[in-house]
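A.B. asks: Sharing model-v8.txt, compact mmCIF, C-alpha atoms:
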# COMPACT_ATOMS: atom_id res chain seq x y z
CA MET A 1 16.36 -84.30 74.25
CA ASP A 2 15.27 -80.80 75.28
CA GLU A 3 18.65 -79.42 74.21
CA LEU A 4 18.34 -81.02 70.75
CA ILE A 5 14.84 -79.61 70.30
CA ARG A 6 16.06 -76.16 71.34
CA LEU A 7 18.97 -76.38 68.91
CA LEU A 8 16.65 -77.56 66.11
CA ASN A 9 14.32 -74.61 66.65
CA GLU A 10 16.78 -71.82 67.45
CA GLY A 11 19.24 -72.82 64.71
CA ASN A 12 16.44 -73.32 62.20
CA TYR A 13 17.90 -76.71 61.33
CA SER A 14 16.01 -79.53 59.65
CA CYS A 15 17.64 -82.22 61.78
CA VAL A 16 19.94 -82.53 64.80
CA VAL A 17 21.69 -85.79 65.75
CA ARG A 18 23.52 -86.53 69.00
CA GLN A 19 25.66 -89.59 69.51
CA GLY A 20 27.40 -89.50 72.87
CA GLU A 21 29.18 -86.14 73.12
CA GLU A 22 29.03 -85.44 69.37
CA THR A 23 26.20 -83.31 67.99
CA ARG A 24 25.68 -82.66 64.28
CA THR A 25 23.23 -80.26 62.69
CA PHE A 26 21.72 -80.45 59.22
CA SER A 27 19.77 -77.98 57.13
CA ARG A 28 18.89 -79.42 53.72
CA ARG A 29 15.27 -80.15 52.88
CA GLY A 30 13.74 -83.59 52.65
CA VAL A 31 15.80 -86.69 53.40
CA ALA A 32 19.03 -85.52 51.72
CA ASP A 33 21.08 -85.06 54.90
CA LEU A 34 19.73 -88.16 56.59
CA TYR A 35 20.33 -90.21 53.43
CA ASP A 36 23.94 -88.99 53.19
CA LEU A 37 24.51 -89.70 56.89
CA TYR A 38 23.05 -93.19 56.54
CA ALA A 39 25.14 -93.87 53.42
CA THR A 40 28.47 -92.56 54.76
CA ASP A 41 28.43 -92.61 58.58
CA ARG A 42 25.78 -95.09 59.70
CA ALA A 43 27.68 -95.72 62.95
CA LEU A 44 26.73 -92.22 64.13
CA LEU A 45 23.08 -93.27 64.12
CA LYS A 46 23.57 -96.30 66.39
CA GLY A 47 22.04 -95.37 69.73
CA ALA A 48 21.75 -91.72 68.70
CA TRP A 49 19.12 -89.21 69.72
CA LEU A 50 17.60 -87.30 66.85
CA ALA A 51 15.35 -84.23 66.56
CA ASP A 52 13.76 -83.51 63.19
CA LYS A 53 11.15 -81.11 61.83
CA VAL A 54 9.17 -83.67 59.81
CA ILE A 55 9.49 -87.45 59.63
CA GLY A 56 7.84 -89.38 56.84
CA LYS A 57 8.26 -93.06 56.11
CA GLY A 58 11.38 -92.52 53.97
CA ALA A 59 13.16 -90.67 56.77
CA ALA A 60 12.04 -93.25 59.31
CA ALA A 61 13.51 -96.04 57.17
CA LEU A 62 16.90 -94.30 57.34
CA MET A 63 16.87 -94.10 61.15
CA GLY A 64 17.96 -97.67 61.80
CA GLY A 65 19.72 -97.89 65.14
CA VAL A 66 18.52 -94.53 66.46
CA SER A 67 17.29 -94.92 70.04
CA ARG A 68 15.20 -91.74 70.56
CA VAL A 69 13.45 -89.38 68.18
CA TRP A 70 11.50 -86.16 68.61
CA THR A 71 9.72 -84.50 65.71
CA ARG A 72 7.22 -81.74 65.13
CA VAL A 73 5.29 -83.83 62.60
CA VAL A 74 5.33 -87.58 62.01
CA SER A 75 3.25 -89.55 59.54
CA THR A 76 1.36 -92.58 60.78
CA PRO A 77 3.39 -94.95 58.54
CA ALA A 78 6.65 -93.43 59.80
CA LEU A 79 5.55 -93.72 63.42
CA ALA A 80 4.68 -97.39 62.91
CA LEU A 81 8.05 -98.08 61.26
CA LEU A 82 9.98 -96.34 64.06
CA GLN A 83 8.04 -98.12 66.79
CA LYS A 84 8.49 -101.47 65.03
CA GLY A 85 12.25 -100.76 65.08
CA GLY A 86 12.21 -100.14 68.83
CA VAL A 87 12.77 -96.38 68.59
CA GLU A 88 11.38 -94.26 71.42
CA VAL A 89 9.31 -91.60 69.61
CA ALA A 90 7.89 -88.29 70.83
CA TYR A 91 6.12 -85.82 68.56
CA ALA A 92 3.98 -82.72 68.50
CA GLU A 93 1.62 -83.91 65.76
CA GLU A 94 0.80 -87.18 64.00
CA VAL A 95 -0.66 -86.92 60.49
CA PRO A 96 -1.97 -89.64 58.14
CA CYS A 97 0.69 -88.75 55.55
CA ILE A 98 3.28 -86.12 54.74
CA ILE A 99 2.09 -83.56 52.18
CA ASN A 100 4.32 -82.52 49.27
CA ARG A 101 5.99 -79.09 49.16
CA THR A 102 3.33 -77.61 46.85
CA ARG A 103 0.59 -78.93 49.14
CA THR A 104 -1.14 -80.64 46.21
CA GLY A 105 -0.83 -84.25 47.35
CA ARG A 106 1.25 -86.77 49.25
CA CYS A 107 5.01 -86.52 49.57
CA PRO A 108 6.42 -88.44 46.60
CA LEU A 109 8.95 -90.34 48.72
CA GLU A 110 6.37 -91.40 51.25
CA THR A 111 4.21 -92.63 48.37
CA LEU A 112 7.13 -94.62 46.93
CA CYS A 113 7.74 -96.14 50.36
CA ASP A 114 4.26 -97.72 50.36
CA VAL A 115 5.86 -100.79 48.74
CA SER A 116 7.25 -102.19 51.99
CA ASP A 117 7.51 -101.89 55.77
CA ASN A 118 11.05 -103.23 55.74
CA PRO A 119 13.77 -100.53 55.91
CA VAL A 120 16.26 -102.78 54.09
CA GLU A 121 13.84 -103.12 51.16
CA LEU A 122 13.10 -99.37 51.23
CA TYR A 123 16.75 -98.28 51.02
CA PRO A 124 17.08 -98.85 47.22
CA VAL A 125 13.78 -96.98 46.72
CA ILE A 126 15.09 -94.03 48.73
CA GLU A 127 18.50 -94.19 47.06
CA ASP A 128 16.89 -94.03 43.61
CA PHE A 129 14.63 -91.15 44.67
CA VAL A 130 17.55 -89.09 46.04
CA ARG A 131 19.62 -89.79 42.90
CA ARG A 132 16.77 -88.62 40.64
CA MET A 133 16.21 -85.47 42.73
CA ARG A 134 19.91 -84.63 42.60
CA GLU A 135 20.05 -85.20 38.83
CA ALA A 136 17.00 -82.97 38.37
CA GLY A 137 18.64 -80.31 40.55
CA GLU A 138 21.83 -80.43 38.47
CA LYS A 139 19.82 -80.10 35.23
CA GLU A 140 17.95 -77.13 36.68
CA LYS A 141 21.22 -75.53 37.81
CA THR A 142 22.77 -76.01 34.35
CA ILE A 143 19.75 -74.47 32.62
CA SER A 144 19.74 -71.43 34.93
CA GLU A 145 23.46 -70.83 34.29
CA LYS A 146 22.92 -70.54 30.52
Please express what this file holds, its structure, as structure tokens.
C.D. replies:
Amino acid sequence: MDELIRLLNEGNYSCVVRQGEETRTFSRRGVADLYDLYATDRALLKGAWLADKVIGKGAAALMGGVSRVWTRVVSTPALALLQKGGVEVAYAEEVPCIINRTRTGRCPLETLCDVSDNPVELYPVIEDFVRRMREAGEKEKTISEK
């Protein structure tokens, strides 16, 4: 795990996943990379070790099958979800909730994930959130190109 933490910090990545001899690094903000990995290559997560900068409940719900996790910051709901799933968790700091990027309130995804403690039930919530964020990003990109 020390090597993954070092890679996370030195490479300035948002997430690093190791499954056996394969290591993948990710750098997008939020749950985008983890969502895409869960949606397209879920087998990589089975038994994997994962190091992440921040884990909220949405990210935790996408970590099904991961065996070990280290994070700088974990929310209390995320920690409970990971532990309930049998994930070995280590962290630098536990916080009551993840704060949004503007630091004006709770992370919107973590708020949406209040509806359930079941990762299967949370997946459609996360999927819808990611879709809306991507659509908003495309609209913003189109407007800035005009």
A.B. asks: To one decimal place in Å, what is the distance between CA of Glu10 (chain A) and CA of Thr25 (chain A)?
C.D. replies: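 For CA of Glu10 (chain A) relative to CA of Thr25 (chain A), the distance reads 11.6 Å.
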A.B. asks: In the coordinates of the file, take the point (16.2, -78.8, 67.4) and a cut-off of 12 Å; then, counting all atoms listed in the file, name each qualifying protein, DNA or RNA residue as a PyMOL selection string.
C.D. replies: chain A and resi 1-18+23-27+49-54+69-72
A.B. asks: Counting only C-alpha atoms, which residues of region 103-130 of chain A fall within 12 Å of region 79-86 of chain A, and what is the closest atom pair for each with its distance in Å at one decimal, ordered by chain and rising number, as a Markdown table?
C.D. replies:
| residue | atom | partner | partner_atom | distance |
| --- | --- | --- | --- | --- |
| A:Cys113 | CA | A:Leu81 | CA | 11.1 |
| A:Asp114 | CA | A:Leu81 | CA | 11.5 |
| A:Ser116 | CA | A:Leu81 | CA | 10.2 |
| A:Asp117 | CA | A:Leu81 | CA | 6.7 |
| A:Asn118 | CA | A:Leu81 | CA | 8.1 |
| A:Pro119 | CA | A:Leu81 | CA | 8.2 |
| A:Val120 | CA | A:Leu81 | CA | 11.9 |
| A:Leu122 | CA | A:Leu81 | CA | 11.3 |
A.B. asks: Can you tell me how far CA of Ala32 (chain A) sits from CA of Ala61 (chain A), in Å to one decimal?
C.D. replies: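 Pair CA of Ala32 (chain A) / CA of Ala61 (chain A) returns 13.1 Å.
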A.B. asks: How many Å lie between CA of Val125 (chain A) and CA of Gly58 (chain A), rounded to one decimal?
C.D. replies: 8.8 Å
A.B. asks: With all atoms listed in the file as the basis for distance, which of A:Val66, A:Ile55, A:Ala60, A:Cys107 is at the shortest distance from Ala43 (chain A)?
C.D. replies: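 Closest candidate: A:Val66.
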A.B. asks: Given the choices A:Glu110, A:Glu21, A:Glu127, A:Glu94, which gets closest to Ala39 (chain A) if the distance is worked out from all atoms listed in the file?
C.D. replies: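 Ranking A:Glu110, A:Glu21, A:Glu127, A:Glu94 by distance to Ala39 (chain A), first place goes to A:Glu127.
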A.B. asks: I'd like the contact shell of Leu62 (chain A) - 8 Å cut-off, all atoms listed in the file, skipping same-chain residues fewer than 3 positions apart - returned as a PyMOL selection string.
C.D. replies: chain A and resi 34-35+38+58-59+119+123
A.B. asks: The residues within 9 Å of (6.2, -82.4, 52.9), using all atoms listed in the file and the coordinates of the file, should be reported as a count of residues only; which are they?
C.D. replies: 13
A.B. asks: Hey, which of A:Glu22, A:Ser75, A:Val31, A:Lys57 ends up closest to Val115 (chain A)? Count all atoms listed in the file.
C.D. replies: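 Checking each of A:Glu22, A:Ser75, A:Val31, A:Lys57 against Val115 (chain A), counting all atoms listed in the file, the winner is A:Lys57.
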